[in-house]
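Below: model-v2.cif (mmCIF, C-alpha atoms)
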data_input
loop_
_atom_site.label_atom_id
_atom_site.label_comp_id
_atom_site.auth_asym_id
_atom_site.auth_seq_id
_atom_site.Cartn_x
_atom_site.Cartn_y
_atom_site.Cartn_z
CA MET A 20 0.00 0.00 0.00
CA ALA A 21 1.23 3.49 -0.81
CA PHE A 22 2.47 5.58 2.10
CA GLU A 23 -0.40 8.05 1.63
CA ASP A 24 -3.02 5.32 1.63
CA GLU A 25 -1.66 3.73 4.74
CA LEU A 26 -1.61 7.11 6.44
CA LEU A 27 -5.14 7.81 5.30
CA ALA A 28 -6.34 4.58 6.85
CA LEU A 29 -4.71 5.59 10.14
CA LEU A 30 -6.33 9.02 10.26
CA PRO A 31 -9.35 8.12 12.41
CA ARG A 32 -7.03 6.79 15.12
CA LEU A 33 -4.62 9.70 14.76
CA ARG A 34 -7.44 12.21 15.15
CA ARG A 35 -8.55 10.46 18.29
CA PHE A 36 -5.04 10.45 19.73
CA ALA A 37 -4.61 14.13 18.85
CA ALA A 38 -7.88 15.03 20.54
CA SER A 39 -6.94 13.15 23.68
CA LEU A 40 -3.70 15.09 23.89
CA SER A 41 -5.29 18.45 23.07
CA ARG A 42 -7.74 20.68 24.83
CA ASN A 43 -10.54 19.92 22.38
CA VAL A 44 -11.32 18.38 19.00
CA ALA A 45 -10.46 21.56 17.09
CA ASP A 46 -7.01 21.83 18.66
CA GLY A 47 -6.60 18.12 18.11
CA ASP A 48 -7.30 18.51 14.40
CA ASP A 49 -4.71 21.26 14.17
CA LEU A 50 -2.22 18.93 15.79
CA CYS A 51 -3.28 16.15 13.47
CA GLN A 52 -2.74 18.36 10.42
CA ALA A 53 0.71 19.40 11.64
CA ALA A 54 1.62 15.74 12.14
CA ILE A 55 0.47 14.76 8.65
CA GLU A 56 2.47 17.60 7.14
CA ARG A 57 5.58 16.66 9.07
CA ALA A 58 5.15 12.99 8.14
CA LEU A 59 4.90 13.85 4.43
CA ARG A 60 8.03 16.00 4.65
CA SER A 61 10.02 13.33 6.44
CA ARG A 62 8.57 10.24 4.81
CA HIS A 63 12.04 9.25 3.63
CA LEU A 64 12.84 8.65 7.32
CA TRP A 65 10.12 6.07 7.68
CA GLU A 66 11.42 2.54 7.35
CA GLU A 67 9.26 0.61 4.95
CA GLY A 68 7.75 -2.41 6.65
CA SER A 69 7.96 -0.89 10.13
CA ARG A 70 4.81 0.17 11.89
CA LEU A 71 3.49 3.40 10.50
CA ASP A 72 1.08 3.87 13.39
CA SER A 73 3.88 3.91 16.00
CA TRP A 74 5.88 6.28 13.83
CA MET A 75 2.89 8.63 13.48
CA TYR A 76 2.07 8.52 17.18
CA ARG A 77 5.67 9.46 17.88
CA ILE A 78 5.64 12.37 15.42
CA MET A 79 2.38 13.67 16.81
CA ARG A 80 3.53 13.37 20.38
CA ASN A 81 6.77 15.25 19.63
CA ILE A 82 4.91 18.13 17.99
CA TRP A 83 2.54 18.25 20.94
CA ILE A 84 5.40 18.34 23.46
CA ASP A 85 7.11 21.13 21.50
CA GLU A 86 3.89 23.13 21.45
CA ALA A 87 3.18 22.48 25.10
CA ARG A 88 6.59 23.91 25.96
CA ALA A 89 6.01 26.94 23.77
CA ARG A 90 2.60 27.41 25.39
CA GLN A 91 4.12 27.32 28.84
CA ARG A 92 6.64 29.97 27.81
CA ARG A 93 3.83 32.15 26.45
CA ALA A 94 1.72 31.63 29.55
CA LYS A 95 4.45 33.20 31.59
CA THR A 96 4.24 36.32 29.44
CA PHE A 97 0.55 36.65 28.62
CA ALA A 98 -2.75 36.10 30.37
CA PRO A 99 -4.09 32.56 29.73
CA GLU A 100 -6.34 32.03 26.73
CA GLU A 101 -10.00 31.72 27.60
CA GLU A 102 -11.17 28.13 28.03
CA GLY A 103 -13.06 26.84 25.02
CA GLY A 104 -12.41 30.03 23.05
CA HIS A 105 -12.45 28.16 19.75
CA VAL A 106 -15.74 26.44 20.29
CA GLY A 107 -18.04 29.24 19.12
CA ASN A 108 -17.45 28.97 15.38
CA ARG A 109 -17.79 25.19 15.06
CA ASP A 110 -20.83 23.42 13.73
CA ASP A 111 -23.42 21.69 15.91
CA GLN A 112 -21.91 18.26 15.67
CA ARG A 113 -18.57 19.61 16.76
CA MET A 114 -20.25 21.49 19.60
CA GLU A 115 -21.82 18.27 20.77
CA ALA A 116 -18.52 16.46 20.59
CA VAL A 117 -16.88 19.20 22.63
CA ALA A 118 -19.62 19.13 25.24
CA GLU A 119 -19.36 15.37 25.43
CA LEU A 120 -15.62 15.48 25.93
CA SER A 121 -15.62 18.25 28.43
CA SER A 122 -15.51 16.52 31.81
CA VAL A 123 -12.98 13.99 30.59
CA GLU A 124 -11.07 16.73 28.79
CA ARG A 125 -10.93 18.88 31.89
CA ALA A 126 -9.62 16.01 33.96
CA LEU A 127 -7.04 15.15 31.30
CA SER A 128 -5.91 18.74 30.96
CA ARG A 129 -4.98 18.82 34.63
CA LEU A 130 -2.57 15.92 34.26
CA PRO A 131 1.12 16.58 33.79
CA ASP A 132 2.04 16.05 30.12
CA GLU A 133 4.11 12.97 30.91
CA GLN A 134 1.10 11.25 32.50
CA ARG A 135 -1.35 12.49 29.92
CA GLU A 136 0.54 11.00 26.97
CA VAL A 137 0.72 7.64 28.72
CA ILE A 138 -3.02 7.72 29.46
CA ALA A 139 -3.77 8.69 25.86
CA LEU A 140 -1.75 5.83 24.39
CA VAL A 141 -2.86 3.11 26.80
CA LEU A 142 -6.43 3.99 27.75
CA VAL A 143 -7.64 5.88 24.70
CA GLU A 144 -5.64 4.21 21.93
CA GLY A 145 -5.67 0.84 23.64
CA LEU A 146 -1.98 0.14 23.02
CA ALA A 147 -0.07 -2.50 24.97
CA TYR A 148 2.29 -1.16 27.63
CA LYS A 149 5.27 -2.32 25.58
CA GLU A 150 4.13 -0.46 22.45
CA ALA A 151 3.43 2.71 24.42
CA ALA A 152 6.81 2.57 26.16
CA GLU A 153 8.54 2.20 22.78
CA ILE A 154 6.69 5.15 21.28
CA LEU A 155 7.55 7.36 24.25
CA ASP A 156 11.06 5.89 24.45
CA ILE A 157 10.82 5.25 28.19
CA PRO A 158 11.44 2.09 30.25
CA MET A 159 8.45 -0.07 31.19
CA GLY A 160 8.84 0.81 34.89
CA THR A 161 8.57 4.50 34.09
CA LEU A 162 5.52 3.88 31.94
CA THR A 163 3.69 1.90 34.62
CA SER A 164 4.46 4.38 37.41
CA ARG A 165 3.18 7.28 35.25
CA LEU A 166 0.14 5.21 34.40
CA VAL A 167 -0.63 4.52 38.06
CA ARG A 168 -0.26 8.19 39.00
CA GLY A 169 -2.25 9.38 35.99
CA ARG A 170 -5.03 6.88 36.55
CA ASN A 171 -5.36 7.79 40.23
CA ALA A 172 -5.39 11.51 39.48
CA LEU A 173 -8.17 10.94 36.93
CA LEU A 174 -10.19 8.88 39.37
CA VAL A 175 -10.00 11.74 41.87
CA GLU A 176 -10.93 14.33 39.22
CA LEU A 177 -13.77 12.39 37.67
CA GLY A 178 -15.07 10.93 40.93
CA GLU A 179 -18.34 9.13 40.46
CA ALA A 180 -18.47 10.10 36.80
CA ALA A 181 -15.67 7.64 36.06
CA MET B 5 -0.47 -12.96 47.96
CA LYS B 6 -0.52 -9.19 48.08
CA ILE B 7 -1.94 -7.61 44.95
CA THR B 8 -0.14 -4.37 44.10
CA GLU B 9 -1.94 -1.47 42.51
CA GLU B 10 0.25 -1.96 39.42
CA MET B 11 -1.10 -5.51 39.10
CA LEU B 12 -4.68 -4.41 39.53
CA ILE B 13 -4.24 -1.76 36.85
CA ALA B 14 -2.41 -4.16 34.55
CA PHE B 15 -5.39 -6.48 34.92
CA ALA B 16 -7.77 -3.68 33.92
CA ASP B 17 -5.52 -2.93 30.93
CA GLY B 18 -5.44 -6.55 29.80
CA GLU B 19 -1.70 -6.87 30.38
CA LEU B 20 -1.61 -9.97 32.58
CA ASP B 21 -1.06 -13.55 31.49
CA PRO B 22 -3.73 -16.14 32.42
CA LYS B 23 -1.93 -17.21 35.61
CA GLU B 24 -1.55 -13.64 36.88
CA ARG B 25 -5.15 -12.91 35.91
CA GLU B 26 -6.29 -15.81 37.99
CA THR B 27 -4.26 -14.61 40.99
CA VAL B 28 -5.87 -11.18 40.76
CA MET B 29 -9.36 -12.61 40.25
CA ARG B 30 -9.06 -14.76 43.36
CA ALA B 31 -7.72 -11.87 45.46
CA VAL B 32 -10.51 -9.62 44.20
CA ALA B 33 -13.17 -12.16 45.04
CA ALA B 34 -11.85 -12.36 48.59
CA ASP B 35 -11.48 -8.63 49.16
CA PRO B 36 -14.41 -6.28 48.34
CA GLU B 37 -12.20 -3.20 48.69
CA LEU B 38 -9.84 -4.56 46.05
CA GLY B 39 -12.88 -5.30 43.91
CA ARG B 40 -14.09 -1.71 44.17
CA LYS B 41 -10.66 -0.42 43.19
CA LEU B 42 -10.48 -2.72 40.21
CA ALA B 43 -13.99 -1.77 39.11
CA ALA B 44 -13.06 1.93 39.33
CA HIS B 45 -10.00 1.40 37.13
CA GLN B 46 -12.05 -0.60 34.65
CA ARG B 47 -14.71 2.10 34.50
CA LEU B 48 -12.05 4.73 33.97
CA ARG B 49 -10.74 2.83 30.98
CA SER B 50 -14.17 2.50 29.38
CA THR B 51 -15.03 6.12 30.19
CA LEU B 52 -11.92 7.37 28.40
CA SER B 53 -12.09 5.07 25.41
CA GLY B 54 -15.84 5.60 25.19
CA HIS B 55 -15.48 9.37 25.12
CA PHE B 56 -12.98 9.44 22.30
CA GLU B 57 -14.24 6.51 20.27
CA PRO B 58 -16.94 8.49 18.35
CA LEU B 59 -14.19 10.67 16.93
CA ALA B 60 -12.44 7.66 15.41
CA GLU B 61 -15.73 6.63 13.82
CA GLU B 62 -16.43 10.01 12.27
CA PRO B 63 -15.54 10.48 8.61
CA VAL B 64 -12.09 12.00 8.30
CA PRO B 65 -12.27 15.74 7.46
CA GLU B 66 -11.73 16.51 3.79
CA ARG B 67 -8.81 18.78 4.52
CA PHE B 68 -6.75 15.82 5.76
CA LYS B 69 -7.68 13.67 2.80
CA ALA B 70 -6.76 16.54 0.51
CA LEU B 71 -3.29 16.72 2.06
CA LEU B 72 -2.71 13.09 1.25
CA VAL B 73 -4.35 12.87 -2.13
CA GLN B 74 -2.76 15.94 -3.68
CA LYS B 75 0.71 14.50 -3.20
CA PRO B 76 0.80 11.43 -5.42
CA ALA B 77 3.62 9.03 -4.65
CA ASN B 78 6.00 8.54 -7.59
CA GLY B 79 3.32 9.58 -10.05
CA GLU B 80 0.97 6.80 -8.99
CA ASP B 81 -2.68 7.38 -9.49
CA ASN B 82 -3.80 7.94 -5.96
CA VAL B 83 -7.40 8.60 -6.81
CA VAL B 84 -7.86 4.93 -7.49
CA SER B 85 -6.20 3.85 -4.26
CA LEU B 86 -8.21 6.40 -2.31
CA ALA B 87 -11.38 4.84 -3.63
CA ALA B 88 -10.06 1.45 -2.59
CA VAL B 89 -9.33 2.70 0.89
CA ARG B 90 -12.81 4.18 1.16
CA GLU B 91 -14.30 0.91 0.02
CA GLY B 92 -12.22 -0.93 2.57
CA ARG B 93 -13.40 1.33 5.32
CA LYS B 94 -17.01 0.89 4.29
CA GLU B 95 -16.60 -2.87 4.40
CA LYS B 96 -14.99 -2.67 7.80
CA VAL B 97 -17.84 -0.62 9.18
CA GLU B 98 -20.37 -3.03 7.75
CA ARG B 99 -18.52 -6.01 9.11
CA GLU B 100 -18.37 -4.50 12.57
CA GLY B 101 -21.97 -3.47 12.30
CA ARG B 102 -22.94 -7.05 11.57
CA ARG B 103 -21.03 -8.34 14.53
CA GLY B 104 -23.00 -5.87 16.55
CA TRP B 105 -20.07 -4.71 18.67
CA ARG B 106 -18.17 -1.51 18.74
CA PRO B 107 -14.45 -1.96 18.72
CA GLY B 108 -13.85 -1.56 22.42
CA TRP B 109 -11.00 -1.26 24.81
CA SER B 110 -12.83 -2.31 27.89
CA ASN B 111 -11.16 -5.68 27.29
CA PHE B 112 -11.38 -7.55 30.51
CA ALA B 113 -13.62 -4.99 32.12
CA ALA B 114 -16.48 -7.34 32.68
CA ILE B 115 -14.57 -10.33 33.88
CA ALA B 116 -13.82 -9.47 37.47
CA ALA B 117 -17.05 -7.60 37.92
CA THR B 118 -18.97 -10.76 37.28
CA LEU B 119 -16.55 -13.11 38.95
CA VAL B 120 -18.30 -12.90 42.29
CA LEU B 121 -21.22 -14.82 40.88
CA GLY B 122 -18.93 -17.60 39.77
CA LEU B 123 -17.27 -17.76 43.15
CA ALA B 124 -20.61 -17.92 44.88
CA ILE B 125 -21.61 -20.79 42.67
CA GLY B 126 -18.21 -22.38 43.17
CA ARG B 127 -18.51 -22.23 46.98
CA SER B 128 -21.90 -23.83 47.07
CA MET B 129 -21.11 -26.39 44.46
CA HIS B 130 -22.42 -29.86 44.58
CA ASP B 131 -22.27 -32.75 42.19
CA GLY B 132 -24.77 -31.27 39.81
CA SER B 133 -23.03 -27.91 39.67
CA PRO B 134 -21.94 -26.78 36.23
CA VAL B 135 -18.90 -25.16 37.83
CA GLY B 136 -16.02 -26.81 39.59
CA VAL B 137 -12.79 -25.53 41.05
CA SER B 138 -9.65 -27.10 39.74
CA GLY B 139 -6.07 -25.93 40.12
CA GLY B 140 -7.36 -22.75 41.72
CA GLY B 141 -9.44 -21.79 38.67
CA MET B 142 -13.03 -22.42 37.74
CA VAL B 143 -13.80 -25.07 35.20
CA ALA B 144 -16.96 -26.20 33.46
CA ARG B 145 -18.48 -29.51 34.59
CA GLY B 146 -21.36 -31.77 33.80
CA GLU B 147 -23.84 -30.66 31.21
CA LEU B 148 -22.03 -27.37 30.61
CA ALA B 149 -18.72 -29.13 29.94
CA GLU B 150 -20.47 -31.56 27.64
CA ALA B 151 -22.18 -28.77 25.73
CA LEU B 152 -18.87 -26.94 25.31
CA ASP B 153 -17.23 -30.18 24.20
CA THR B 154 -19.78 -31.30 21.70
CA ARG B 155 -22.29 -28.68 20.67
CA LEU B 156 -22.00 -26.65 17.49
CA ALA B 157 -23.53 -23.21 17.25
CA SER B 158 -24.52 -24.06 13.70
CA ALA B 159 -26.57 -27.11 14.77
CA GLN B 160 -28.42 -26.49 18.02
CA GLU B 161 -31.70 -27.95 19.11
CA ALA B 162 -34.29 -25.39 20.09
CA GLY B 163 -34.78 -26.71 23.62
CA ALA B 164 -31.11 -27.27 24.46
CA GLU B 165 -30.10 -26.62 28.07
CA THR B 166 -26.98 -24.73 27.04
CA ARG B 167 -26.67 -22.78 23.84
CA ILE B 168 -23.29 -22.07 22.28
CA GLY B 169 -22.64 -18.57 20.97
CA LEU B 170 -19.29 -17.73 19.44
CA THR B 171 -16.21 -19.87 19.07
CA PHE B 172 -12.93 -18.07 18.54
CA ARG B 173 -9.16 -18.20 19.01
CA SER B 174 -7.82 -16.10 21.91
CA LYS B 175 -4.62 -14.07 22.09
CA ASP B 176 -3.22 -16.77 24.37
CA GLY B 177 -3.73 -19.26 21.54
CA ASP B 178 -6.61 -21.13 23.16
CA ILE B 179 -9.96 -21.88 21.63
CA CYS B 180 -12.72 -20.08 23.53
CA ARG B 181 -16.51 -20.32 23.37
CA THR B 182 -19.37 -18.25 24.73
CA PHE B 183 -22.46 -19.97 26.09
CA ASP B 184 -25.87 -19.22 27.52
CA GLY B 185 -27.51 -21.71 29.83
CA SER B 186 -30.50 -21.90 32.14
CA ALA B 187 -28.61 -20.52 35.15
CA MET B 188 -25.78 -18.58 33.64
CA ALA B 189 -24.02 -17.41 30.55
CA GLY B 190 -20.34 -16.91 30.07
CA LEU B 191 -17.08 -17.46 28.32
CA ALA B 192 -14.85 -20.53 28.57
CA CYS B 193 -11.45 -21.29 27.10
CA ARG B 194 -9.94 -24.69 26.42
CA GLU B 195 -7.13 -25.66 28.75
CA GLY B 196 -5.86 -29.19 28.26
CA GLU B 197 -8.88 -31.43 28.64
CA ARG B 198 -11.01 -28.85 30.42
CA TRP B 199 -12.89 -25.64 29.83
CA ARG B 200 -11.55 -22.85 32.02
CA LEU B 201 -14.30 -20.37 32.83
CA GLU B 202 -13.12 -16.86 32.05
CA GLN B 203 -16.40 -15.12 32.71
CA LEU B 204 -19.78 -15.92 34.17
CA LEU B 205 -22.94 -13.87 34.02
CA PRO B 206 -26.44 -14.56 35.28
CA SER B 207 -28.42 -15.99 32.41
CA THR B 208 -31.51 -14.49 30.80
CA SER B 209 -33.72 -16.94 32.58
CA ALA B 210 -32.06 -16.52 36.00
CA GLY B 211 -34.01 -13.38 36.79
CA SER B 212 -35.87 -10.73 34.92
CA ASP B 213 -33.81 -7.93 36.42
CA TYR B 214 -30.72 -9.05 34.59
CA ARG B 215 -29.88 -7.96 31.14
CA GLN B 216 -29.78 -10.69 28.59
CA ALA B 217 -26.53 -12.52 29.04
CA SER B 218 -25.96 -14.06 25.65
CA ALA B 219 -23.06 -13.56 23.30
CA GLY B 220 -24.82 -10.29 22.50
CA ASP B 221 -24.45 -9.07 26.09
CA PRO B 222 -22.13 -6.07 25.97
CA ARG B 223 -20.13 -7.42 28.89
CA LEU B 224 -19.47 -10.71 27.15
CA ALA B 225 -18.93 -8.96 23.85
CA ALA B 226 -16.34 -6.71 25.51
CA SER B 227 -14.48 -9.74 26.84
CA VAL B 228 -14.56 -11.44 23.46
CA GLU B 229 -13.39 -8.25 21.80
CA GLY B 230 -10.48 -8.05 24.23
CA MET B 231 -9.42 -11.66 23.76
CA ILE B 232 -10.14 -12.56 20.17
CA VAL B 233 -7.56 -12.96 17.44
CA GLY B 234 -8.96 -12.76 13.93
CA ALA B 235 -12.62 -13.45 13.24
CA PRO B 236 -14.93 -15.80 15.15
CA PHE B 237 -14.98 -19.35 13.73
CA ASP B 238 -17.46 -20.03 11.00
CA ALA B 239 -19.49 -23.25 10.97
CA ASN B 240 -16.73 -25.21 9.19
CA ALA B 241 -13.95 -24.03 11.48
CA GLU B 242 -16.09 -24.72 14.52
CA LYS B 243 -16.82 -28.26 13.40
CA ALA B 244 -13.17 -28.91 12.48
CA ALA B 245 -12.04 -27.65 15.89
CA ARG B 246 -14.50 -29.92 17.66
CA ASP B 247 -13.49 -32.93 15.61
CA GLU B 248 -9.87 -32.29 16.58
CA GLY B 249 -10.79 -32.09 20.26
CA TRP B 250 -10.33 -28.33 20.59
CA VAL B 251 -6.55 -28.59 20.49
CA ASP B 252 -4.36 -26.18 18.54
#
Take the structure in the file and write it out as structure tokens.
Amino acid sequence: MAFEDELLALLPRLRRFAASLSRNVADGDDLCQAAIERALRSRHLWEEGSRLDSWMYRIMRNIWIDEARARQRRAKTFAPEEEGGHVGNRDDQRMEAVAELSSVERALSRLPDEQREVIALVLVEGLAYKEAAEILDIPMGTLTSRLVRGRNALLVELGEAA
Amino acid sequence: MKITEEMLIAFADGELDPKERETVMRAVAADPELGRKLAAHQRLRSTLSGHFEPLAEEPVPERFKALLVQKPANGEDNVVSLAAVREGRKEKVEREGRRGWRPGWSNFAAIAATLVLGLAIGRSMHDGSPVGVSGGGMVARGELAEALDTRLASAQEAGAETRIGLTFRSKDGDICRTFDGSAMAGLACREGERWRLEQLLPSTSAGSDYRQASAGDPRLAASVEGMIVGAPFDANAEKAARDEGWVD
């Protein structure tokens, strides 16, 4: 299968991963677009026959980390952006999706990035611990301890709703 | 044996091997507090996957497709392959629609939650009990074991005591079958000469307050979804597996 076709088939999962890392679906789609663009530019770096999904998850996660760092730098200089500021100009379906994600999204957004990416890969994407650890390039022990802390923080945040 | 939180969570994430799973299941059955913790972690997993799953089922926005289609690889005609991909996706959706399950990540979510029933049955077992305890795990006995051994989903009598649902190959390489009987429904996997019970649910006829516990029960379906490799056996594969004694 051509690189583009394989990537196209992965898009539903990539959008989901992007949304689980981002504040909302709209931000997730921006992240998704950035990841596709970077993947097309650096496709020569992808080893044919290796797993494209892991490669894409890794690209997306790296862009997200870079942006999160830039955001933190900006936050020190400017007042924080209003929550849900992008929601207004989306269509109804998108509005519904945003509303549906909100409690989970809020809880996720309070997690440290290092826990959030683990939660996104394991609980949202359903990857095995080993696959997630490889994508994040961390030892299994680190992955499981972040997972335990992230899961417990979410249980506290979501309370009965979980 | 002390069950660590890591183990409990690994159970909820479907990361344990059958032996470790059994250890956790037994500890959970003996300790309600542990059971509550496990249930909370299982709910968390289904809450998260459930919230994001609709997004993965939405059609991909055109702007992403455009990015990929406007850059043909080595002059290949990508329009044709795009159509093929679309067709493939449509087929996939239809296939999953027919199976009646959403692709889920609540893998083993239902197992421990319904284990208590099995343990209760196991404790009060007598000769006629369909459940026995062997090697620390629960196994099918009597009529249930016989049904699992011999019955084919494709050829069931209307009044049969135990009906067989799906037969499939699990990630651990075992052959597993779902069933629905007069007292309970569940999921059993072949282990040597026996059927190891992986999940038990109250059956449809056990009480009107219970949801229907057939292979269509979402809790059983979630377990199957978490364990299955490939597609469920068709009538031929099921018959061939039975004739070979359910071995690999």
So that I can check the surroundings of Ala126 of chain A, please list as a PDB file with C-alpha atoms, in the coordinates of the input every protein, DNA and RNA residue that reaches within 8 Å of it, counting only C-alpha atoms and ignoring chain neighbours fewer than 6 positions away.
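The result, stored in selection.pdb:
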ATOM      1  CA  LEU A 173      -8.170  10.940  36.930  1.00  0.00           C
ATOM      2  CA  GLU A 176     -10.930  14.330  39.220  1.00  0.00           C
ATOM      3  CA  LEU A 177     -13.770  12.390  37.670  1.00  0.00           C
TER       4      LEU A 177
END
Residues of chain B were defined as contacting chain A if any atom lay at most 6 Å from it, counting all atoms listed in the file; please report them as a ChimeraX atom specification. /B:47-49,52-53,59-60,72,109
So, counting all atoms listed in the file, which residue among A:Ala87, A:Ala151, A:Ala94, A:Ile82 is closest to Arg165 of chain A?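 Using all atoms listed in the file, Arg165 of chain A sits closest to A:Ala151.
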With the PyMOL selection byres ((chain B and resi 183) around 8) as the selection, what would be picked from this file? Answer as a compact mmCIF listing (two decimals) with C-alpha atoms, in the frame of the given file, please.
# COMPACT_ATOMS: atom_id res chain seq x y z
CA LEU B 152 -18.87 -26.94 25.31
CA THR B 166 -26.98 -24.73 27.04
CA ARG B 167 -26.67 -22.78 23.84
CA ILE B 168 -23.29 -22.07 22.28
CA GLY B 169 -22.64 -18.57 20.97
CA LEU B 170 -19.29 -17.73 19.44
CA ARG B 181 -16.51 -20.32 23.37
CA THR B 182 -19.37 -18.25 24.73
CA ASP B 184 -25.87 -19.22 27.52
CA GLY B 185 -27.51 -21.71 29.83
CA ALA B 189 -24.02 -17.41 30.55
CA GLY B 190 -20.34 -16.91 30.07
CA LEU B 191 -17.08 -17.46 28.32
CA SER B 218 -25.96 -14.06 25.65
CA ALA B 219 -23.06 -13.56 23.30
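Here the question is which of B:Glu165, B:Asp35, B:Glu197, B:Glu24 gets nearest to Met11 of chain B using only C-alpha atoms, and that residue is B:Glu24.
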Residues within 9 Å of (-6.9, -23.2, 17.3), file coords, only C-alpha atoms, listed as a PyMOL selection string: chain B and resi 172-174+177-179+245+250-252
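Take atom CA of Gly160 of chain A and atom CA of Leu40 of chain A: the distance between them is 22.0 Å.
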Residues within 7 Å of Ala144 of chain B, only C-alpha atoms, excluding chain neighbours under 5 positions, as a ChimeraX atom specification: /B:134-136,149,199-201
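Taking atom CA of Thr8 of chain B and atom CA of Ser128 of chain A as endpoints, the distance between them is 27.2 Å.
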What's the separation between atom CA of Gln203 of chain B and atom CA of Glu147 of chain B, in Å to one decimal place?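 Distance between the two atoms: 17.3 Å.
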For the file shown, what are the residues hit by the PyMOL selection byres ((chain A and resi 83) around 12), laid out as a VMD selection string? chain A and resid 36 to 42 46 to 54 76 to 82 84 to 90 132 to 133 135 to 136
